[in-house]
Amino acid sequence: MEEILFADSDILVAVKPAGIESQAARRFEPDMVSRLKRYLVVNKLCTSGKEPYIGVIHRLDKPVSGIMVYGRTKNAAARLSNALQNGKIKKTYTAVVCGKPVNTVDNFVDYLEKTVDGNYSHVVDKGKTGGKRAELSYRLVDTREEAGQILSLLEIRLMTGRHHQIRVQLSSRGLPIYGDRKYGGPERDFPVGTPLALCASKLSFPHPKTGREMEFSMTPAGGAFEKFFHGE
């Protein structure tokens, strides 16, 4: 069952579960575009006999859950894409990290480079060919102790959208996201299947037709989030 937060003739706002691709997937893996098209057909929210249009505006990594907006017409998708390029689509993430940051509020600026195969990113020196500027800010919300380990709940705002940006920038400062087997480091061997504690929990943007500011939020659930939000 799809979790739809808002739908009209121009846009569709939905929660992407962790483990689902945000756009058309390869090898017949489940993806949000296919699921949303099916939702529109099953609920008779599109023209009968015609495949509904779902335009991808932004993306979330497969293991990341969170709120996404899709365009239901090419014109709406184009306007939303333009809003994204102009910084009018604002995304806030919630994450649980291992450790506690030095400052309660801070701003990180790095330069990130992807590997040739595109599957991994790392911090490089400013000016290095291929390095792209990455910036985020965070606010420390809460801390808990789990089996002798300090866990911190962070609210994160992205100023840029680089490959695996949040995961890389936090890990490079000794604050890997809980469950991150790719960037967590050998000293944190999370069991296979441990959910990545990263969620796109807030999204705001101007409606592509009316210009009205739209804002949506959700409470992260599952995995390490349960220790902060659901009383564990």
# chains A, B, ... in the order shown; residues from 1 in each chain; ligands from 1

call {"tool": "residues_around", "arguments": {"residues": "range 153-168 of chain A", "least_positions_apart": "6", "cutoff": "8 Å", "atoms": "only C-alpha atoms", "output": "PyMOL selection string"}}
result
chain A and resi 61+90-97+112+114+120-123+132-143+176-177+180+183+228

call {"tool": "select_by_dssp", "arguments": {"residues": "chain A", "states": "helix (DSSP H, G or I)", "output": "number ranges by chain"}}
result
A: 32-42, 74-85, 165-171, 223-229

call {"tool": "atom_distance", "arguments": {"atom1": "CA of Leu84 in chain A", "atom2": "CA of Val69 in chain A"}}
result
11.1 Å

call {"tool": "closest_residue", "arguments": {"among": "A:Leu5, A:Ile54, A:Cys46, A:Cys98", "to": "Asp31 in chain A", "atoms": "only C-alpha atoms"}}
result
A:Ile54

call {"tool": "select_by_dssp", "arguments": {"residues": "range 7-219 of chain A", "states": "strand (DSSP E or B)", "output": "MDAnalysis selection string"}}
result
chainID A and resid 7 11:16 21 31 55:56 65:71 90:98 105:114 121:124 132:146 149:158 177 198:206 213:217

call {"tool": "residues_around", "arguments": {"residues": "Gly193 in chain A", "least_positions_apart": "6", "cutoff": "10 Å", "atoms": "only C-alpha atoms", "output": "list in words"}}
result
Gly179, Arg181 and Gly223 of chain A

call {"tool": "closest_residue", "arguments": {"among": "A:Met68, A:Thr104, A:Asn119, A:Val41", "to": "Phe6 in chain A", "atoms": "only C-alpha atoms"}}
result
A:Met68

call {"tool": "residues_around", "arguments": {"residues": "Val42 in chain A", "least_positions_apart": "4", "cutoff": "12 Å", "atoms": "only C-alpha atoms", "output": "number ranges by chain"}}
result
A: 1-2, 35-38, 46-49, 51-52

call {"tool": "closest_residue", "arguments": {"among": "A:Thr210, A:Asn75, A:Thr115, A:Ser201", "to": "Ala14 in chain A", "atoms": "only C-alpha atoms"}}
result
A:Ser201

call {"tool": "residues_around", "arguments": {"residues": "Lys100 in chain A", "least_positions_apart": "6", "cutoff": "7 Å", "atoms": "only C-alpha atoms", "output": "MDAnalysis selection string"}}
result
chainID A and resid 150:152
